[in-house]
Every structure is written in structure tokens, then in C-alpha cells.
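Undergrad: Here's a structure for you.
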Amino acid sequence: MSHSASPVADAWTPAALQAVIDAHRTRPGAMLPLLHAIQARFGFIPEEAVPRVAEALRHTRAEVHGIISFYHHFRTHPAGRSVIQICRAEACQSVGSRQLEAHAKQALGLDYHQTTPDQEFTLEPVYCLGNCACGPSIRVNDEIHGRMTPEQFDALTDELSATVVEVK
Amino acid sequence: MAVTLYVPRDTTALALGADRVVARLERGARARNVEVDIVRNGSRGLFYLEPLIEVATPEGRVAYGPVTPTQVESLLDAGLLEGRQDHPLALGLTEEIAYLKRQQRLTFSRIGLTDPLSIEDYTSLRGFKGLERALALETQAVVDEVTASGLRGRGGAAFPTGIKWQTVHDQPAGQKYVVCNADEGDSGTFADRLVMECDPFLLIEGMTIAGLAAGADQGYLYLRSEYPLAHAVLDEAIARAVAAGYLGDNILGSGRAFHLEVRLGAGAYICGEETSLLESLEGKRGLVRAKPPLPAIEGLFGRPTVVNNVLSLAAVPFILDQGGQAYADYGLGRSRGTLAIQLAGNVKRGGLVELAFGTSLRELMEGFGGGTRSGRPLKAVQVGGPLGAYLPESQWDQPIDYEGFAAFGGVVGHGGVVMFDDSVDMGEQARFAMEFCSVESCGKCTPCRIGAVRGVEVIDRLRAGESRDKNLALLTDLCDTMVDGSLCAMGGMTPFPVQSVMQHFPDDLTPRQAVTAGGTTC
């Protein structure tokens, strides 16, 4: 069972999008599973998904937009290859997450919800990863890292950049 | 014969390099021509010792930790595979580690002992005994056991679980639901995650018993998206439980049905509030509903629904197996049973401590926790998540129980204990409480939606030294309005940490502190 996965997935096409919608539309309370499935498959929720989801689930487009924008997890633009979430919650604050947060923003040249121009990293805030006895915690895609220091953060991002280069 | 080793695979162990420890162990054992069987067990919850390696010996399991990948070779050289105890990381018999031995583990009796996905391991330690008993009882008798246990909602609201079940049980037959609230969003809490990652069948069993008692044949487990490993473990555990006949149309041949599905949240703290969670499950924005109607009468899709926290449901198998009285024998006053306390934040020995209600914070933070990780003096502790008050030292000797804490404005909540040393700027913490509410408010009611934004602004003005008395009066008034005028606990309790800072750490709301620390924005 792998717990590490890149959020970057297939390029979306109308047919593929419709296939995802059709696979989930009949489930009770289908909206969130459907939006999750779209984002898991394509890395984000394309604008064109809104009218299609609305039609499939008999909602208005405004309602679908409202639901997508309500939940922090859903994104409407592609993310970088590595989505880095930094825990901003109290347990991590008590062991230096504010300094880590400032360092990460400066090192990556990003504020929250931004992506590097080379599509390498997206930086996001997160409120608790459940690793509160061993913070500060960050999440990189589906992997959690604990007791993160600014130095370890730099080493990790260096390693992530290098990995992508090798893949190419 | 192969040597059996155990290396946990919960999120914390993995976050600290457990997979790399396993790789080194495998390589080292191969080089020594020793056959090893490495079981990826759940964590014992002693996070300060993770990654923890255990070795099976005739005397019992012996432990080593915390192990970094680079220390594995020296451990092997020092006879780890034979269970020798001369290495500095050797901890002796796991069961004899004081931190573990002094606990009263009823709910967490199995974590760390088993492979979380092995039904065989689970049943070898009384797993599914509670379900078997529930299947043999009338539904009312199942509810009665839970009522007799005195169990109260462990998610934070502390509502008696038995009464909730009784209400759903008493609704006319028809579609009913069991919903597990696994949206463990409070900072400083990880007990739900431990149940799900380290003993998932326990939760499956608890939910199934709830379904039998209430007359519900469908359960949803609403899991936060921040827990990817728990998601994978639960999906696999449910598939195995179905295959083994513990879930499905004919549970253990009884002719009774219960189906279970994991539904993923999407990063909204408010969805831990039960009515918001139900809205989310129905596929809507997670806006809080007004109560009444109670979810027990009109819940998911308008049907009677049991909504319980992970820990409430995870306490149920013990109660059915050993009897409600066995659970009620633990505890203090009206707080019966055990509480899963989670020692977090700036703590030397962080982890899970399950004890009967009645222990003091000081005993937990110093006796178990060993003080701060930084080695500096403790200054404040936030109990019960981001909506809980910051408690100063004068309140650390109070025995933990729901009523006792409520009497002085404290919150037991989900049992998270977040420790701060004396370098903390409490003014910044007060500001964060309001900022967090402004980010996470569902927006339905004005005191919460607007109040949180104004709260940040007022605290910023205070910290900048503007009209101190006027702004303090304004903040007091704002907090009262939020407490009295909000629909749910998000707006209604966000002022608790703020008020506690005003009351106990007023100096930190002065500009001097603000200049040295500075705020951050999202």
C-alpha cells in the first residue's frame, strides 16, 4: 500500500471528465466523492467541470462553484509537482512552525496558495496533520514529515527538485 | 527460525523515518545471514520513542528507540536480533516501559501489538467479541449496555452516547444511518488517527454495533483529507472485514446487515461539527444546521442518524465485550471510563496516554511528558483544541473531568494537550484563535463570520498599543457577543482562548511583546 503519490495526473479531456462524473453520479451524496475523483485524476478541478457536474447532479452552476470554493482542499488550477503543506496549528506553533513557515516562503519565493513558475512546488497552509507530538509537521503530496527544521526543509526541497530532474 | 521484528507504520513513525529503518534492518540482517520477519505493526503511541523497533524474545518483546536509520547498524552489532540489551537505545521489555505500564488502556489495548490489517491478530486479542455479543442481544439490551457504561461523546461535546443511541433506536423503522465523525481537526489530537491507522477493525466493530443497536444498515465514516494513510488503511480493513463476513448483508451468518463506506472531507475544520458534517456528506457546503431537529431524529438525508466520534465508537467493543459496568468502574464523577489524552506541542515525551478520568494536567505534562522538549519552563497549556482555553499554572492541578474543567472555563474536548514553553507570545496565540476562526468559519452566522475578522483587528490594535482600555473593552464585548450569539461551537468557543489570554496573560497583549514577535497572516 503506497502512501506517497504525486498529485499531478492525467491531462483532462471532456470525455475523461465525463467518464469520472458518470462513475460517481449515482452515489448518495455524490458531490464530494465526485469532486475528489476529478481532482485525484486531473490534479485540479477544471472550470469546464462545473457545468457538467451541475447537470449530472441537478445543481445550479453557482451551487457547484459554491461547494468547490467552500472546501480548502479543492483547487481550480493545476498545482506544482510537489504540493507542500505547512502545518500552522497550535501544536506546531509551540515548536517553531512560525519560523519554519517564514523560512519556507522565503526559500521558495512563494506565499501560500502560489506555485513556482517552473511548476515544481505549490505552497499551502494546513491546520493539523495529526503528528502533533513530533512537530513542526509538513506534508509533501501524501507523505508527512515531522520535526522539520529550516535546514531539513532545504534538504528536502533540494532532493525533490533533483528527483524530478532524474525522471526527465 | 526467523527472528520476528516489529517496526510501526503509523503516520508519526513514518514521518520520523520508519521505512528507512526497515530498509536498513533488512539489509543488515541479510548481511548477517539472519532470516527476519518484519511486522509493520501500529504504534504503541509512545511517539517520543518512534521509530521504535521491537524484537520478539521468549521473555516477551524488547524495545529499542528512538532509532534513526543510521543507528541500525550499531544496534545490529550490539545484538538486537538476539534481543540483547547493552545498546544505549535498548529499553528492555516494552510492556515494562513506565509510560506504557502506568496507563489504563481499554480502548487502546491492542494498538502496537498487532498488524493493523490482520483480522487474525485482531480476533486473537478479543476482537469482534463485542460484536458477537451484540448479535446475541436484543437491540434495546445493546443500547442499555452503552447507557450503563456512562460513555459520553469523546469528540468534545460529551453528550451521553447511550441517550443518543436510544433516540435513534426509538424512531420508527426505516432507513437510519450511523455516521462516524473522523474529522479530527483539533490541533494536538491524534487519537482518532491512531485508532484508524493502528486498530481499524476496532472502529469497524464499534460502528457495526451502533448500526445493530440503532437499526441502521448503512454507515459512513467521514474522514478528513489530511489523513491519507488512515484512508488507505480503512479502505483495506473494510474490504477485509466484508470478505470475512463481519460486514455486509449477513453479518456472521446472523441475517443482519451493515454496510460501511469511507467518505473523504475536503479540508474544512467546521465539518467536524456534526450538522456541518452531515451537510458535507450530503454533498453541500458545510454550513451548520440549526438544532432542533436533532440529527438523531432528522440527520443524514433527513433520516435518524447516530453521529459519534471515532473514540466514542471505539470504546463500544470493550463495553459490549466486558459489560457497561466494567467501563463505568473507571472514572470520576459523571465522567466515566477512560480518556485518551494526547500529549503534544512542546513536550519532551509526547504521545498517547489513556487513563481513567481524574488525573491532573501536571501529572500528565510532567510525570508522563517530562516537561518541555526545549527544556525551558512551561508557560501555558491549551487543552481541547483550538477552541479550548489556555490554562496557566494555577489550573494544572485540577483533576480532569468534564464538569470540573467546565467549572473554571476549561475544555476537555477531544483530550488534546498542547504545551507551550516560556518563549510563547500569548498575544500572538490569542490573535491566531481569531484568525483561525476567520479562515474556518462556515459563514452562516454573523458573530462568527464577522466577529473573527474584527477580533484579529482589535487584537492587532492592542498589540500596537492603540487605545488600550477602549480596545480591551471592545474585545471583551466582542467575545461575549460571539459566545452568546453564535450558532455552533466554532464561533461560540473561539473566544475561550482569547478570554483566557486576557485573564491570565494580560501582559502579552501589550505592544512590547508585539514588537519582538510579529504576526503572520495567511
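Ordered as shown in the C-alpha cells, chains take letters A, B, and onward, while each chain numbers its residues from 1 and ligands are numbered from 1 in the order shown.
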Residues of chain A no more than 8 Å from chain B, counting only C-alpha atoms: send them over as a ChimeraX atom specification.

TA: /A:1,3,28-33,66-67,70-74,89-95,98,112,125,127-135,142-147

Undergrad: Residues within 10 Å of stretch 34-42 of chain B, please, as an MDAnalysis selection string. Count only C-alpha atoms; anything in the same chain fewer than 5 positions from it doesn't count.

TA: chainID B and resid 1:11 13 18:19 22 25:26 28:29 53:55 81 110:118 194:199

Undergrad: Generate the output file for the selected residues, N, CA, C and O atoms, as a short mmCIF file (atom, residue, chain, number, x, y, z; two decimals), in the first residue's frame.

TA:
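Generated file (part.cif):
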data_model
loop_
_atom_site.label_atom_id
_atom_site.label_comp_id
_atom_site.auth_asym_id
_atom_site.auth_seq_id
_atom_site.Cartn_x
_atom_site.Cartn_y
_atom_site.Cartn_z
N MET B 1 15.06 -20.57 12.40
CA MET B 1 13.78 -19.90 12.53
C MET B 1 13.98 -18.39 12.45
O MET B 1 14.93 -17.84 12.98
N ALA B 2 13.04 -17.75 11.76
CA ALA B 2 13.18 -16.30 11.55
C ALA B 2 12.98 -15.53 12.85
O ALA B 2 12.20 -15.93 13.70
N VAL B 3 13.72 -14.44 12.97
CA VAL B 3 13.53 -13.54 14.10
C VAL B 3 12.39 -12.58 13.74
O VAL B 3 12.36 -12.02 12.65
N THR B 4 11.45 -12.41 14.68
CA THR B 4 10.33 -11.51 14.41
C THR B 4 10.63 -10.13 14.97
O THR B 4 10.91 -9.97 16.17
N LEU B 5 10.56 -9.13 14.07
CA LEU B 5 10.78 -7.74 14.47
C LEU B 5 9.51 -6.96 14.21
O LEU B 5 8.71 -7.31 13.35
N TYR B 6 9.35 -5.88 14.94
CA TYR B 6 8.19 -5.01 14.75
C TYR B 6 8.67 -3.58 14.55
O TYR B 6 9.42 -3.06 15.37
N VAL B 7 8.24 -2.96 13.46
CA VAL B 7 8.52 -1.54 13.24
C VAL B 7 7.21 -0.89 12.82
O VAL B 7 6.64 -1.25 11.79
N PRO B 8 6.73 0.08 13.60
CA PRO B 8 5.41 0.66 13.33
C PRO B 8 5.34 1.36 11.97
O PRO B 8 6.36 1.80 11.42
N ARG B 9 4.11 1.48 11.51
CA ARG B 9 3.90 2.13 10.22
C ARG B 9 2.77 3.15 10.32
O ARG B 9 2.03 3.35 9.37
N ASP B 10 2.59 3.76 11.48
CA ASP B 10 1.60 4.83 11.56
C ASP B 10 2.25 6.11 11.04
O ASP B 10 3.46 6.15 10.77
N THR B 11 1.45 7.15 10.89
CA THR B 11 1.95 8.39 10.29
C THR B 11 3.15 8.96 11.02
O THR B 11 4.12 9.39 10.39
N ALA B 13 5.42 7.42 13.01
CA ALA B 13 6.62 6.60 12.81
C ALA B 13 7.19 6.82 11.40
O ALA B 13 8.40 6.97 11.22
N ALA B 18 10.56 5.61 9.69
CA ALA B 18 10.42 4.17 9.97
C ALA B 18 10.70 3.30 8.74
O ALA B 18 11.29 2.23 8.87
N ASP B 19 10.30 3.77 7.55
CA ASP B 19 10.55 2.95 6.35
C ASP B 19 12.05 2.80 6.08
O ASP B 19 12.51 1.74 5.66
N VAL B 22 13.44 0.25 8.42
CA VAL B 22 13.14 -1.11 7.96
C VAL B 22 14.10 -1.53 6.85
O VAL B 22 14.62 -2.66 6.86
N LEU B 25 17.33 -2.42 8.39
CA LEU B 25 17.24 -3.69 9.13
C LEU B 25 17.30 -4.87 8.18
O LEU B 25 18.00 -5.86 8.43
N GLU B 26 16.56 -4.76 7.07
CA GLU B 26 16.55 -5.86 6.11
C GLU B 26 17.93 -6.11 5.54
O GLU B 26 18.40 -7.24 5.44
N GLY B 28 20.84 -5.18 6.84
CA GLY B 28 21.76 -5.64 7.89
C GLY B 28 21.57 -7.10 8.23
O GLY B 28 22.53 -7.84 8.47
N ALA B 29 20.31 -7.53 8.26
CA ALA B 29 20.03 -8.93 8.60
C ALA B 29 20.53 -9.86 7.49
O ALA B 29 21.09 -10.92 7.75
N ILE B 53 11.80 0.00 17.46
CA ILE B 53 11.95 -1.37 16.96
C ILE B 53 11.69 -2.31 18.13
O ILE B 53 12.19 -2.10 19.23
N GLU B 54 10.88 -3.33 17.88
CA GLU B 54 10.70 -4.36 18.90
C GLU B 54 11.17 -5.70 18.34
O GLU B 54 11.04 -5.97 17.15
N VAL B 55 11.71 -6.52 19.23
CA VAL B 55 12.18 -7.86 18.85
C VAL B 55 11.47 -8.87 19.74
O VAL B 55 11.43 -8.70 20.97
N LEU B 81 19.23 -8.50 17.15
CA LEU B 81 18.48 -9.65 16.64
C LEU B 81 18.34 -10.76 17.70
O LEU B 81 17.45 -11.60 17.61
N ARG B 110 -5.00 -2.71 22.18
CA ARG B 110 -4.41 -3.54 21.13
C ARG B 110 -3.39 -2.81 20.26
O ARG B 110 -2.65 -3.43 19.51
N ILE B 111 -3.38 -1.46 20.37
CA ILE B 111 -2.53 -0.77 19.39
C ILE B 111 -1.05 -1.04 19.63
O ILE B 111 -0.58 -1.09 20.76
N GLY B 112 -0.37 -1.23 18.55
CA GLY B 112 1.05 -1.51 18.61
C GLY B 112 1.36 -2.97 18.80
O GLY B 112 2.47 -3.42 18.55
N LEU B 113 0.37 -3.75 19.24
CA LEU B 113 0.61 -5.18 19.42
C LEU B 113 0.43 -5.91 18.10
O LEU B 113 1.09 -6.91 17.84
N THR B 114 -0.47 -5.39 17.29
CA THR B 114 -0.90 -6.16 16.12
C THR B 114 -0.48 -5.52 14.80
O THR B 114 -0.15 -4.35 14.74
N ASP B 115 -0.56 -6.36 13.77
CA ASP B 115 -0.57 -5.84 12.40
C ASP B 115 -1.98 -5.30 12.20
O ASP B 115 -2.95 -6.05 12.26
N PRO B 116 -2.13 -3.99 11.97
CA PRO B 116 -3.46 -3.39 11.96
C PRO B 116 -4.43 -4.02 10.96
O PRO B 116 -5.64 -3.98 11.17
N LEU B 117 -3.91 -4.63 9.91
CA LEU B 117 -4.80 -5.16 8.88
C LEU B 117 -5.00 -6.67 8.99
O LEU B 117 -5.60 -7.29 8.11
N SER B 118 -4.51 -7.26 10.08
CA SER B 118 -4.67 -8.70 10.25
C SER B 118 -5.90 -8.99 11.11
O SER B 118 -5.92 -8.70 12.32
N LEU B 194 -4.79 7.31 15.44
CA LEU B 194 -4.18 6.08 15.94
C LEU B 194 -5.15 4.91 15.84
O LEU B 194 -4.77 3.81 15.45
N VAL B 195 -6.41 5.14 16.21
CA VAL B 195 -7.40 4.06 16.09
C VAL B 195 -7.49 3.62 14.64
O VAL B 195 -7.43 2.42 14.33
N MET B 196 -7.60 4.57 13.74
CA MET B 196 -7.85 4.22 12.34
C MET B 196 -6.65 3.57 11.68
O MET B 196 -6.78 2.65 10.89
N GLU B 197 -5.46 4.07 12.01
CA GLU B 197 -4.26 3.51 11.37
C GLU B 197 -3.77 2.24 12.06
O GLU B 197 -3.17 1.39 11.42
N CYS B 198 -3.99 2.16 13.38
CA CYS B 198 -3.35 1.09 14.14
C CYS B 198 -4.31 -0.01 14.60
O CYS B 198 -3.87 -1.08 14.98
N ASP B 199 -5.62 0.27 14.61
CA ASP B 199 -6.59 -0.76 15.00
C ASP B 199 -7.92 -0.52 14.29
O ASP B 199 -8.96 -0.34 14.93
#

Undergrad: Find the spatial neighbours of stretch 447-450 of chain B, counting only C-alpha atoms, within a cut-off of 6 Å - ignore same-chain residues fewer than 3 positions away - and output them as a PyMOL selection string.

TA: chain B and resi 441+443+453+482+486+491

Undergrad: Quick one: write out the picked residues with all heavy atoms as a PDB file, in the first residue's frame?

TA:
ATOM      1  N   SER B 441     -14.493  29.641   9.605  1.00  0.00           N
ATOM      2  CA  SER B 441     -15.925  29.862   9.845  1.00  0.00           C
ATOM      3  C   SER B 441     -16.724  29.438   8.613  1.00  0.00           C
ATOM      4  O   SER B 441     -16.319  29.707   7.482  1.00  0.00           O
ATOM      5  CB  SER B 441     -16.178  31.337  10.134  1.00  0.00           C
ATOM      6  OG  SER B 441     -17.571  31.594  10.163  1.00  0.00           O
ATOM      7  N   GLY B 443     -19.510  30.688   7.876  1.00  0.00           N
ATOM      8  CA  GLY B 443     -20.082  31.921   7.354  1.00  0.00           C
ATOM      9  C   GLY B 443     -21.572  32.082   7.558  1.00  0.00           C
ATOM     10  O   GLY B 443     -22.156  33.073   7.152  1.00  0.00           O
ATOM     11  N   VAL B 453     -13.056  38.266  12.192  1.00  0.00           N
ATOM     12  CA  VAL B 453     -12.250  39.230  11.439  1.00  0.00           C
ATOM     13  C   VAL B 453     -11.992  40.470  12.302  1.00  0.00           C
ATOM     14  O   VAL B 453     -10.865  40.958  12.417  1.00  0.00           O
ATOM     15  CB  VAL B 453     -12.980  39.634  10.133  1.00  0.00           C
ATOM     16  CG1 VAL B 453     -12.170  40.682   9.374  1.00  0.00           C
ATOM     17  CG2 VAL B 453     -13.218  38.411   9.268  1.00  0.00           C
ATOM     18  N   MET B 482     -19.813  36.848  20.550  1.00  0.00           N
ATOM     19  CA  MET B 482     -19.563  35.588  19.831  1.00  0.00           C
ATOM     20  C   MET B 482     -20.028  34.397  20.666  1.00  0.00           C
ATOM     21  O   MET B 482     -20.640  33.460  20.149  1.00  0.00           O
ATOM     22  CB  MET B 482     -18.074  35.455  19.489  1.00  0.00           C
ATOM     23  CG  MET B 482     -17.621  36.433  18.398  1.00  0.00           C
ATOM     24  SD  MET B 482     -15.839  36.352  18.066  1.00  0.00           S
ATOM     25  CE  MET B 482     -15.715  34.794  17.180  1.00  0.00           C
ATOM     26  N   SER B 486     -23.496  32.903  18.644  1.00  0.00           N
ATOM     27  CA  SER B 486     -23.122  32.025  17.528  1.00  0.00           C
ATOM     28  C   SER B 486     -23.969  30.763  17.539  1.00  0.00           C
ATOM     29  O   SER B 486     -24.398  30.289  18.592  1.00  0.00           O
ATOM     30  CB  SER B 486     -21.645  31.640  17.615  1.00  0.00           C
ATOM     31  OG  SER B 486     -20.835  32.784  17.571  1.00  0.00           O
ATOM     32  N   GLY B 491     -17.927  29.579  16.502  1.00  0.00           N
ATOM     33  CA  GLY B 491     -17.984  30.973  16.938  1.00  0.00           C
ATOM     34  C   GLY B 491     -18.170  31.093  18.440  1.00  0.00           C
ATOM     35  O   GLY B 491     -17.659  32.016  19.070  1.00  0.00           O
TER      36      GLY B 491
END

Undergrad: List as an NGL selection string the protein and nucleic acid residues near stretch 156-161 of chain B, meaning an atom at most 9 Å away when only C-alpha atoms are counted, but skip any in the same chain fewer than 2 places from it.

TA: :B and (146-147 or 150-154 or 163-166 or 308-309 or 312 or 335 or 384 or 402 or 411-415)

Undergrad: Quick one: of B:Ile209, B:Leu91, B:Leu100, B:Leu364, who's nearest to B:Val383, counting only C-alpha atoms?

TA: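 Of B:Ile209, B:Leu91, B:Leu100, B:Leu364, the one nearest B:Val383 is B:Leu364, counting only C-alpha atoms.
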